[in-house]
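Data block for entry_36.cif (mmCIF, C-alpha atoms):
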```
data_target
#
loop_
_atom_site.label_atom_id
_atom_site.label_comp_id
_atom_site.auth_asym_id
_atom_site.auth_seq_id
_atom_site.Cartn_x
_atom_site.Cartn_y
_atom_site.Cartn_z
CA ALA C 25 -102.17 -32.55 -72.72
CA ASP C 26 -101.86 -28.80 -72.29
CA VAL C 27 -99.38 -26.69 -70.33
CA LEU C 28 -102.25 -24.77 -68.71
CA THR C 29 -103.83 -27.90 -67.25
CA SER C 30 -100.75 -30.03 -66.55
CA LYS C 31 -100.39 -28.67 -63.02
CA LEU C 32 -100.80 -29.88 -59.46
CA ALA C 33 -101.24 -28.42 -55.99
CA ILE C 34 -100.30 -30.21 -52.78
CA VAL C 35 -102.11 -28.62 -49.81
CA GLY C 36 -101.72 -29.39 -46.13
CA PRO C 37 -101.31 -27.94 -42.62
CA PRO C 38 -98.96 -24.96 -42.23
CA SER C 39 -95.28 -25.48 -41.47
CA VAL C 40 -94.42 -21.83 -40.72
CA PRO C 41 -95.86 -19.21 -38.35
CA GLY C 42 -98.30 -16.76 -39.88
CA ALA C 43 -99.75 -19.22 -42.40
CA ASP C 44 -103.03 -21.12 -42.44
CA VAL C 45 -101.98 -23.78 -44.95
CA ASP C 46 -98.95 -24.99 -46.89
CA TYR C 47 -99.21 -25.18 -50.68
CA THR C 48 -96.70 -26.72 -53.06
CA PHE C 49 -97.11 -26.12 -56.80
CA GLY C 50 -95.85 -28.46 -59.51
CA GLN C 51 -95.75 -27.84 -63.26
CA VAL C 52 -95.97 -31.23 -64.94
CA SER C 53 -94.01 -31.67 -68.15
CA PHE C 54 -95.58 -33.75 -70.88
CA VAL C 55 -92.34 -33.72 -72.89
CA SER C 56 -90.22 -35.51 -70.29
CA SER C 57 -90.79 -37.34 -66.99
CA GLN C 58 -90.37 -34.25 -64.87
CA VAL C 59 -92.25 -31.99 -62.46
CA ASP C 60 -90.82 -28.48 -62.03
CA TYR C 61 -91.22 -27.16 -58.48
CA LYS C 62 -89.17 -23.96 -58.86
CA GLY C 63 -91.96 -21.39 -59.23
CA ASN C 64 -95.62 -20.82 -58.56
CA CYS C 65 -98.88 -20.54 -60.51
CA GLY C 66 -101.37 -17.81 -59.71
CA ASN C 67 -104.42 -19.55 -61.11
CA ILE C 68 -103.70 -22.71 -59.12
CA SER C 69 -103.10 -20.48 -56.08
CA ALA C 70 -106.67 -19.18 -56.48
CA GLY C 71 -108.06 -22.63 -55.76
CA VAL C 72 -106.04 -23.24 -52.58
CA GLY C 73 -108.15 -21.07 -50.27
CA PRO C 74 -111.52 -22.57 -51.29
CA PHE C 75 -110.03 -26.08 -51.17
CA ALA C 76 -108.63 -25.55 -47.67
CA ILE C 77 -111.99 -24.24 -46.44
CA ASP C 78 -114.03 -27.05 -48.01
CA GLU C 79 -111.62 -29.76 -46.84
CA GLY C 80 -111.82 -28.62 -43.22
CA LEU C 81 -108.19 -27.49 -43.01
CA LEU C 82 -109.49 -24.24 -41.49
CA PRO C 83 -112.05 -23.67 -38.72
CA PRO C 84 -115.65 -23.65 -39.97
CA PRO C 85 -117.21 -20.26 -40.82
CA GLY C 86 -118.52 -18.27 -37.89
CA ALA C 87 -122.04 -16.87 -37.66
CA GLY C 88 -122.42 -14.01 -40.13
CA GLU C 89 -118.94 -14.52 -41.61
CA THR C 90 -119.01 -13.68 -45.33
CA HIS C 91 -115.30 -13.71 -46.21
CA ARG C 92 -112.26 -15.57 -44.96
CA VAL C 93 -108.66 -14.40 -45.43
CA VAL C 94 -106.54 -17.50 -46.04
CA ARG C 95 -102.79 -17.05 -45.57
CA ILE C 96 -101.14 -19.48 -47.96
CA HIS C 97 -97.51 -20.48 -47.51
CA ASN C 98 -96.18 -21.30 -50.97
CA THR C 99 -93.39 -23.76 -50.18
CA ASN C 100 -91.81 -23.33 -53.63
CA THR C 101 -90.93 -19.69 -52.96
CA SER C 102 -91.38 -19.39 -49.15
CA ALA C 103 -93.78 -16.49 -49.82
CA ILE C 104 -97.12 -16.07 -48.05
CA LEU C 105 -100.03 -15.22 -50.33
CA LYS C 106 -103.31 -13.85 -49.01
CA ALA C 107 -106.57 -15.05 -50.54
CA THR C 108 -109.81 -13.36 -49.53
CA VAL C 109 -112.44 -16.04 -50.16
CA PRO C 110 -116.23 -15.49 -50.05
CA ILE C 111 -117.91 -18.07 -47.84
CA GLY C 112 -121.41 -19.21 -46.99
CA ALA C 113 -123.05 -21.71 -44.70
CA HIS C 114 -121.69 -24.67 -46.65
CA GLY C 115 -118.15 -23.48 -47.38
CA ALA C 116 -116.54 -21.46 -50.17
CA GLU C 117 -118.98 -19.64 -52.44
CA VAL C 118 -118.70 -20.36 -56.16
CA ASP C 119 -121.54 -18.36 -57.71
CA GLY C 120 -120.88 -14.74 -58.59
CA SER C 121 -120.59 -12.13 -61.30
CA ILE C 122 -116.81 -12.00 -61.85
CA ALA C 123 -115.83 -12.76 -65.45
CA ILE C 124 -112.23 -13.54 -66.45
CA SER C 125 -110.96 -13.28 -70.02
CA GLY C 126 -110.36 -16.74 -71.43
CA VAL C 127 -112.53 -18.47 -68.80
CA PRO C 128 -116.15 -19.44 -69.58
CA GLY C 129 -118.92 -18.23 -67.29
CA THR C 130 -118.70 -16.21 -64.10
CA GLY C 131 -117.92 -16.95 -60.47
CA ALA C 132 -117.47 -15.57 -56.96
CA CYS C 133 -114.59 -13.12 -56.56
CA ILE C 134 -111.43 -14.41 -54.86
CA ASP C 135 -108.99 -11.58 -54.20
CA LEU C 136 -105.37 -12.73 -54.37
CA ASP C 137 -102.66 -10.55 -52.82
CA PHE C 138 -99.15 -11.28 -54.12
CA SER C 139 -97.39 -8.33 -52.47
CA ALA C 140 -95.13 -10.69 -50.47
CA THR C 141 -93.75 -12.39 -53.60
CA SER C 142 -91.03 -9.87 -54.43
CA GLY C 143 -87.83 -11.83 -55.06
CA SER C 144 -89.88 -15.02 -54.93
CA VAL C 145 -87.15 -17.25 -56.37
CA THR C 146 -84.00 -15.14 -56.67
CA GLY C 147 -84.34 -13.13 -53.46
CA LYS C 148 -84.46 -9.76 -55.26
CA LEU C 149 -87.08 -7.79 -57.16
CA LEU C 150 -84.35 -6.92 -59.66
CA PRO C 151 -82.14 -10.04 -59.67
CA SER C 152 -79.28 -8.44 -61.62
CA GLY C 153 -79.61 -5.04 -59.94
CA HIS C 154 -80.54 -3.36 -63.24
CA ARG C 155 -83.90 -2.10 -64.48
CA SER C 156 -82.91 -2.80 -68.06
CA GLU C 157 -79.75 -4.25 -69.58
CA MET C 158 -78.28 -5.84 -72.67
CA LEU C 159 -78.43 -9.62 -72.56
CA SER C 160 -76.00 -11.77 -74.54
CA VAL C 161 -77.93 -14.57 -76.25
CA ALA C 162 -76.41 -17.59 -77.97
CA GLY C 163 -77.01 -18.13 -81.67
CA GLY C 164 -78.72 -21.05 -83.37
CA ASP C 165 -81.40 -22.05 -85.88
CA GLY C 166 -80.03 -19.62 -88.42
CA HIS C 167 -79.55 -16.80 -85.90
CA GLY C 168 -76.12 -15.65 -84.81
CA PRO C 169 -75.29 -14.53 -81.27
CA GLU C 170 -77.20 -11.38 -80.39
CA GLU C 171 -77.54 -8.65 -77.81
CA LEU C 172 -81.08 -7.82 -76.71
CA GLU C 173 -82.31 -5.22 -74.28
CA VAL C 174 -84.32 -6.90 -71.53
CA THR C 175 -85.73 -6.30 -68.08
CA LEU C 176 -85.25 -9.10 -65.56
CA LEU C 177 -87.69 -8.93 -62.67
CA ASP C 178 -88.77 -11.36 -59.95
CA ALA C 179 -92.19 -10.75 -58.42
CA GLY C 180 -94.78 -13.50 -58.46
CA GLN C 181 -92.52 -15.35 -60.89
CA PRO C 182 -89.07 -14.53 -62.35
CA THR C 183 -89.70 -13.02 -65.78
CA VAL C 184 -87.62 -11.94 -68.77
CA PHE C 185 -89.27 -9.00 -70.55
CA VAL C 186 -88.44 -8.40 -74.23
CA ARG C 187 -89.95 -5.96 -76.72
CA SER C 188 -91.97 -7.90 -79.29
CA ALA C 189 -90.64 -5.52 -81.96
CA ASP C 190 -87.05 -6.57 -81.15
CA LEU C 191 -87.95 -10.10 -82.26
CA GLY C 192 -89.33 -8.88 -85.57
CA LEU C 193 -92.96 -9.07 -84.47
CA ALA C 194 -95.50 -6.32 -84.89
CA PRO C 195 -95.46 -4.27 -81.67
CA THR C 196 -99.09 -5.12 -80.88
CA THR C 197 -99.04 -8.74 -82.09
CA CYS C 198 -100.28 -10.01 -78.76
CA ALA C 199 -103.44 -7.91 -78.97
CA SER C 200 -104.82 -10.59 -81.29
CA SER C 201 -104.90 -14.28 -80.42
CA VAL C 202 -104.87 -15.21 -84.11
CA LEU C 203 -101.86 -13.07 -84.96
CA THR C 204 -100.03 -14.26 -81.87
CA ALA C 205 -100.66 -17.93 -82.62
CA VAL C 206 -99.48 -17.52 -86.22
CA ALA C 207 -96.35 -15.59 -85.25
CA LEU C 208 -95.36 -18.02 -82.51
CA ALA C 209 -96.04 -21.14 -84.57
CA ASP C 210 -92.60 -20.49 -86.05
CA ALA C 211 -90.42 -23.21 -84.50
CA ALA C 212 -87.24 -21.19 -85.09
CA LEU C 213 -88.74 -18.21 -83.25
CA LEU C 214 -89.73 -20.39 -80.30
CA ARG C 215 -86.22 -21.82 -80.11
CA ARG C 216 -84.81 -18.29 -80.21
CA ILE C 217 -87.10 -17.32 -77.34
CA GLU C 218 -85.93 -20.39 -75.40
CA ARG C 219 -82.31 -19.25 -75.83
CA ILE C 220 -83.32 -15.81 -74.53
CA ARG C 221 -85.03 -17.47 -71.58
CA GLY C 222 -81.93 -19.56 -70.89
CA ALA C 223 -79.66 -16.52 -70.97
CA GLY C 224 -82.03 -14.70 -68.61
CA ALA C 225 -82.10 -17.72 -66.27
CA VAL C 226 -78.30 -17.64 -66.07
CA ARG C 227 -78.26 -13.88 -65.43
CA MET C 228 -80.78 -14.33 -62.61
CA GLY C 229 -78.77 -17.15 -61.04
CA ILE C 230 -81.40 -19.85 -61.62
CA VAL C 231 -79.12 -22.11 -63.70
CA GLN C 232 -75.42 -22.19 -64.57
CA THR C 233 -75.64 -22.37 -68.37
CA TRP C 234 -78.40 -21.39 -70.79
CA GLN C 235 -78.68 -24.99 -72.02
CA GLU C 236 -79.62 -26.15 -68.49
CA ALA C 237 -82.74 -23.98 -68.40
CA GLU C 238 -84.77 -26.26 -70.67
CA GLU C 239 -83.65 -29.42 -68.87
CA LYS C 240 -83.53 -28.34 -65.22
CA SER C 241 -85.86 -25.34 -65.04
CA PRO C 242 -88.37 -25.51 -67.92
CA TYR C 243 -91.02 -23.49 -66.05
CA THR C 244 -88.88 -20.74 -64.52
CA PRO C 245 -88.37 -18.01 -65.69
CA PHE C 246 -91.17 -16.86 -67.98
CA VAL C 247 -90.51 -14.85 -71.13
CA VAL C 248 -92.94 -12.00 -71.83
CA LEU C 249 -93.05 -10.12 -75.12
CA VAL C 250 -94.38 -6.61 -74.54
CA GLY C 251 -95.72 -3.94 -76.86
CA PRO C 252 -97.78 -0.77 -76.66
CA ALA C 253 -101.56 -0.69 -76.47
CA PRO C 254 -103.01 -0.97 -79.99
CA GLY C 255 -104.85 2.36 -79.78
CA ALA C 256 -105.62 5.28 -77.50
CA ASP C 257 -109.24 4.18 -77.14
CA GLU C 258 -108.42 0.55 -76.30
CA PRO C 259 -109.04 -0.41 -72.63
CA LYS C 260 -105.43 -1.57 -72.33
CA ASP C 261 -102.25 0.01 -71.01
CA LEU C 262 -99.94 -2.39 -72.89
CA THR C 263 -100.03 -5.71 -74.70
CA ALA C 264 -98.18 -8.80 -73.52
CA THR C 265 -97.70 -12.40 -74.57
CA CYS C 266 -96.15 -14.99 -72.25
CA ILE C 267 -94.13 -17.99 -73.42
CA PHE C 268 -93.59 -20.70 -70.83
CA MET C 269 -92.77 -24.40 -71.04
CA GLN C 270 -91.65 -23.52 -74.61
CA GLN C 271 -95.23 -22.77 -75.64
CA LEU C 272 -97.51 -19.79 -76.06
CA HIS C 273 -99.74 -19.04 -73.07
CA LYS C 274 -103.29 -18.84 -74.41
CA ALA C 275 -104.20 -16.06 -71.99
CA TYR C 276 -101.84 -14.62 -69.35
CA PRO C 277 -100.40 -16.09 -66.14
CA VAL C 278 -101.37 -14.48 -62.84
CA THR C 279 -97.83 -14.66 -61.46
CA GLY C 280 -96.59 -13.14 -64.73
CA SER C 281 -99.10 -10.32 -64.32
CA VAL C 282 -97.60 -9.54 -60.91
CA ALA C 283 -94.15 -9.17 -62.48
CA THR C 284 -95.60 -7.15 -65.37
CA THR C 285 -97.35 -4.76 -63.00
CA ALA C 286 -94.23 -4.23 -60.91
CA ALA C 287 -92.18 -3.58 -64.06
CA ALA C 288 -94.78 -1.20 -65.49
CA LEU C 289 -94.71 0.88 -62.29
CA LEU C 290 -90.91 1.01 -62.10
CA PRO C 291 -89.21 3.77 -64.16
CA GLY C 292 -86.25 2.54 -66.19
CA THR C 293 -87.72 -0.81 -67.24
CA ILE C 294 -88.68 -1.50 -70.84
CA VAL C 295 -92.22 -2.26 -69.65
CA HIS C 296 -92.54 1.17 -68.01
CA ALA C 297 -91.30 2.82 -71.20
CA ILE C 298 -93.95 1.02 -73.28
CA ALA C 299 -97.02 1.11 -71.02
CA LYS C 300 -99.48 3.96 -70.74
CA PRO C 301 -99.42 5.41 -67.22
CA PRO C 302 -102.23 3.52 -65.45
CA THR C 303 -105.00 5.62 -63.94
CA GLY C 304 -106.07 2.75 -61.69
CA ALA C 305 -105.44 -0.95 -62.11
CA LEU C 306 -102.90 -1.86 -64.80
CA ARG C 307 -104.77 -3.25 -67.82
CA ILE C 308 -102.72 -5.93 -69.57
CA GLY C 309 -103.91 -6.85 -73.07
CA HIS C 310 -103.25 -10.52 -73.81
CA PRO C 311 -104.32 -13.08 -76.46
CA SER C 312 -107.64 -13.84 -74.72
CA GLY C 313 -108.62 -10.38 -73.49
CA VAL C 314 -107.60 -8.05 -70.70
CA MET C 315 -106.29 -8.71 -67.17
CA GLU C 316 -106.42 -5.99 -64.50
CA VAL C 317 -103.99 -5.87 -61.57
CA GLU C 318 -103.99 -3.42 -58.66
CA GLY C 319 -100.38 -2.56 -57.96
CA CYS C 320 -98.11 -0.22 -56.02
CA VAL C 321 -94.30 0.00 -55.95
CA GLU C 322 -92.29 2.14 -53.55
CA ASP C 323 -89.20 3.39 -55.36
CA GLY C 324 -86.84 4.95 -52.85
CA LYS C 325 -83.58 3.80 -51.27
CA SER C 326 -84.91 0.31 -51.79
CA THR C 327 -87.47 -0.80 -54.35
CA THR C 328 -90.43 -2.54 -52.74
CA LEU C 329 -93.54 -4.16 -54.13
CA VAL C 330 -96.27 -2.86 -51.81
CA ARG C 331 -99.38 -4.17 -53.53
CA ALA C 332 -100.18 -6.68 -56.27
CA SER C 333 -103.79 -7.80 -56.13
CA ILE C 334 -105.94 -9.55 -58.71
CA ALA C 335 -109.46 -10.98 -58.81
CA ARG C 336 -109.86 -14.69 -59.67
CA THR C 337 -112.56 -17.36 -59.54
CA ALA C 338 -112.35 -21.04 -58.61
CA ARG C 339 -114.67 -23.97 -58.09
CA ARG C 340 -114.30 -27.70 -57.52
CA LEU C 341 -114.84 -29.69 -60.72
CA MET C 342 -114.40 -33.24 -59.45
CA ASP C 343 -112.59 -35.31 -56.88
CA GLY C 344 -111.36 -38.86 -56.58
CA SER C 345 -108.43 -41.06 -55.60
CA ALA C 346 -105.23 -41.85 -57.45
CA TYR C 347 -103.08 -44.77 -56.30
CA VAL C 348 -99.34 -44.28 -56.81
CA PRO C 349 -96.93 -47.20 -56.21
CA TRP C 350 -94.32 -46.52 -53.54
CA ALA C 351 -91.68 -47.70 -55.99
CA VAL C 352 -92.00 -44.53 -58.10
CA TRP C 353 -91.48 -42.08 -55.21
CA PRO C 354 -87.98 -40.68 -54.66
CA LYS C 355 -86.10 -42.41 -51.88
CA LEU C 356 -85.99 -40.19 -48.79
#
```
Could you write out this file's structure as structure tokens?
Amino acid sequence: ADVLTSKLAIVGPPSVPGADVDYTFGQVSFVSSQVDYKGNCGNISAGVGPFAIDEGLLPPPGAGETHRVVRIHNTNTSAILKATVPIGAHGAEVDGSIAISGVPGTGACIDLDFSATSGSVTGKLLPSGHRSEMLSVAGGDGHGPEELEVTLLDAGQPTVFVRSADLGLAPTTCASSVLTAVALADAALLRRIERIRGAGAVRMGIVQTWQEAEEKSPYTPFVVLVGPAPGADEPKDLTATCIFMQQLHKAYPVTGSVATTAAALLPGTIVHAIAKPPTGALRIGHPSGVMEVEGCVEDGKSTTLVRASIARTARRLMDGSAYVPWAVWPKL
């Protein structure tokens, strides 16, 4: 089992005005008998629009229609995502030239707009009201209690941002998948990161105590270790590694990229201080390559995420039927 593939999407008719479909995301734990429904997954979100079109949940394509905007109500966060899906005579297109780091082959471009996901879980872009702050973290595994500077931000997915250098890692560790894997194979380091995640979850109001985060909210929030781009000539504005479900993400989560982009565009965050000022899309260097996100933040009397758009691909791999006994469903 793998944390990147232990996921599910439940898709059906819309339950709110302004949406075309409802979509519920579940992160399946393979450590315990648990499914975490607190957050969302951007890559799974990319498949919802094509699925809804191919399953007949939306009206069939009109004559000459080449793209369909699918308004997706994510029931986990109550946010509405917009997916612009290329379509043909037989449904969603799958062939195309878009390549994604960490994904084999190419596919048709699906544009995902996450601009409505500010405060997706906590209700605020900045859950604590601060752009950066000192976080008190419990000790353990040979580490005493510590104070770490973090940025807590909720857009796409609640995320705790920490400088990789503050954890004793080389600032650009995450530019290399090999170096990242070696550094994060340290069990004590992963437990330390989990304590940081737990403290951030408490500060954001997701759980009551840091110990509850692993048991009750293993997926939310993410922890992202950030560092500068490895060189002036590198096509990256910063480097980032995400740890979720107590494991290293082999590439980078889409919802995490939304939070990273918002933080990079917001003065006063540790991400903004580290990143090169983007000249276009923010280029996030991660263990499998580079992810680009188009973003815009309005920073006035209120801080608003105006745009967070990313290109994805999706295609149906297989389908079938699974038969689940009624006895295992929660009693309603």
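Residues selected in this file by the PyMOL selection byres ((chain C and resi 215) around 12) comprise C:Val161, C:Ala162, C:Gly163, C:Gly164, C:Asp165, C:Gly166, C:His167, C:Leu208, C:Ala209, C:Asp210, C:Ala211, C:Ala212, C:Leu213, C:Leu214, C:Arg216, C:Ile217, C:Glu218, C:Arg219, C:Ile220, C:Arg221, C:Gly222, C:Gln235, C:Glu238, C:Ile267, C:Phe268, C:Met269, C:Gln270, C:Gln271.
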Write the selection just made, keeping C-alpha atoms, as a short mmCIF file (atom, residue, chain, number, x, y, z; two decimals), in the coordinates of the input?
```cif
data_model
loop_
_atom_site.label_atom_id
_atom_site.label_comp_id
_atom_site.auth_asym_id
_atom_site.auth_seq_id
_atom_site.Cartn_x
_atom_site.Cartn_y
_atom_site.Cartn_z
CA VAL C 161 -77.93 -14.57 -76.25
CA ALA C 162 -76.41 -17.59 -77.97
CA GLY C 163 -77.01 -18.13 -81.67
CA GLY C 164 -78.72 -21.05 -83.37
CA ASP C 165 -81.40 -22.05 -85.88
CA GLY C 166 -80.03 -19.62 -88.42
CA HIS C 167 -79.55 -16.80 -85.90
CA LEU C 208 -95.36 -18.02 -82.51
CA ALA C 209 -96.04 -21.14 -84.57
CA ASP C 210 -92.60 -20.49 -86.05
CA ALA C 211 -90.42 -23.21 -84.50
CA ALA C 212 -87.24 -21.19 -85.09
CA LEU C 213 -88.74 -18.21 -83.25
CA LEU C 214 -89.73 -20.39 -80.30
CA ARG C 216 -84.81 -18.29 -80.21
CA ILE C 217 -87.10 -17.32 -77.34
CA GLU C 218 -85.93 -20.39 -75.40
CA ARG C 219 -82.31 -19.25 -75.83
CA ILE C 220 -83.32 -15.81 -74.53
CA ARG C 221 -85.03 -17.47 -71.58
CA GLY C 222 -81.93 -19.56 -70.89
CA GLN C 235 -78.68 -24.99 -72.02
CA GLU C 238 -84.77 -26.26 -70.67
CA ILE C 267 -94.13 -17.99 -73.42
CA PHE C 268 -93.59 -20.70 -70.83
CA MET C 269 -92.77 -24.40 -71.04
CA GLN C 270 -91.65 -23.52 -74.61
CA GLN C 271 -95.23 -22.77 -75.64
#
```
Worksheet entry | Among the residues C:Asp178, C:Leu191, C:Ala70, C:Ser281, the one that comes closest to Ala132 in chain C [using all atoms listed in the file] |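 Checking each of C:Asp178, C:Leu191, C:Ala70, C:Ser281 against Ala132 in chain C, counting all atoms listed in the file, the winner is C:Ala70.
Using all atoms listed in the file, the smallest distance between any of C:Arg339, C:His310, C:Lys106, C:Lys260 and Phe138 in chain C comes from C:Lys106.
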Notebook entry, point to check: How far is it from CA of Ala107 in chain C to CA of Val94 in chain C, in Å with one decimal?
Noted result: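 The value is 5.1 Å.
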Query - Test item: residues at most 12 Å from Gln58 in chain C, only C-alpha atoms, excluding those fewer than 6 positions along its chain, as number ranges by chain - result: C: 30-31, 50-52, 238-243, 269
Evaluated on this file, the PyMOL selection byres ((chain C and resi 115-125) around 9) picks out some residues - which ones are they, written as a VMD selection string? chain C and resid 73 to 75 77 to 78 84 to 85 91 to 92 109 to 114 126 to 133 275 312 to 315 335 to 340
Restricting the calculation to all atoms listed in the file, which member of C:Asp261, C:Glu322, C:Asp26, C:Glu171 is positioned closest to Gly309 in chain C?
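Looking only at the distances to Gly309 in chain C, the closest residue turns out to be C:Asp261.
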Within 6 Å of range 60-68 of chain C, counting all atoms listed in the file, which residues qualify if same-chain residues fewer than 3 places away don't, as a PyMOL selection string?
chain C and resi 49-51+71+100+278-279
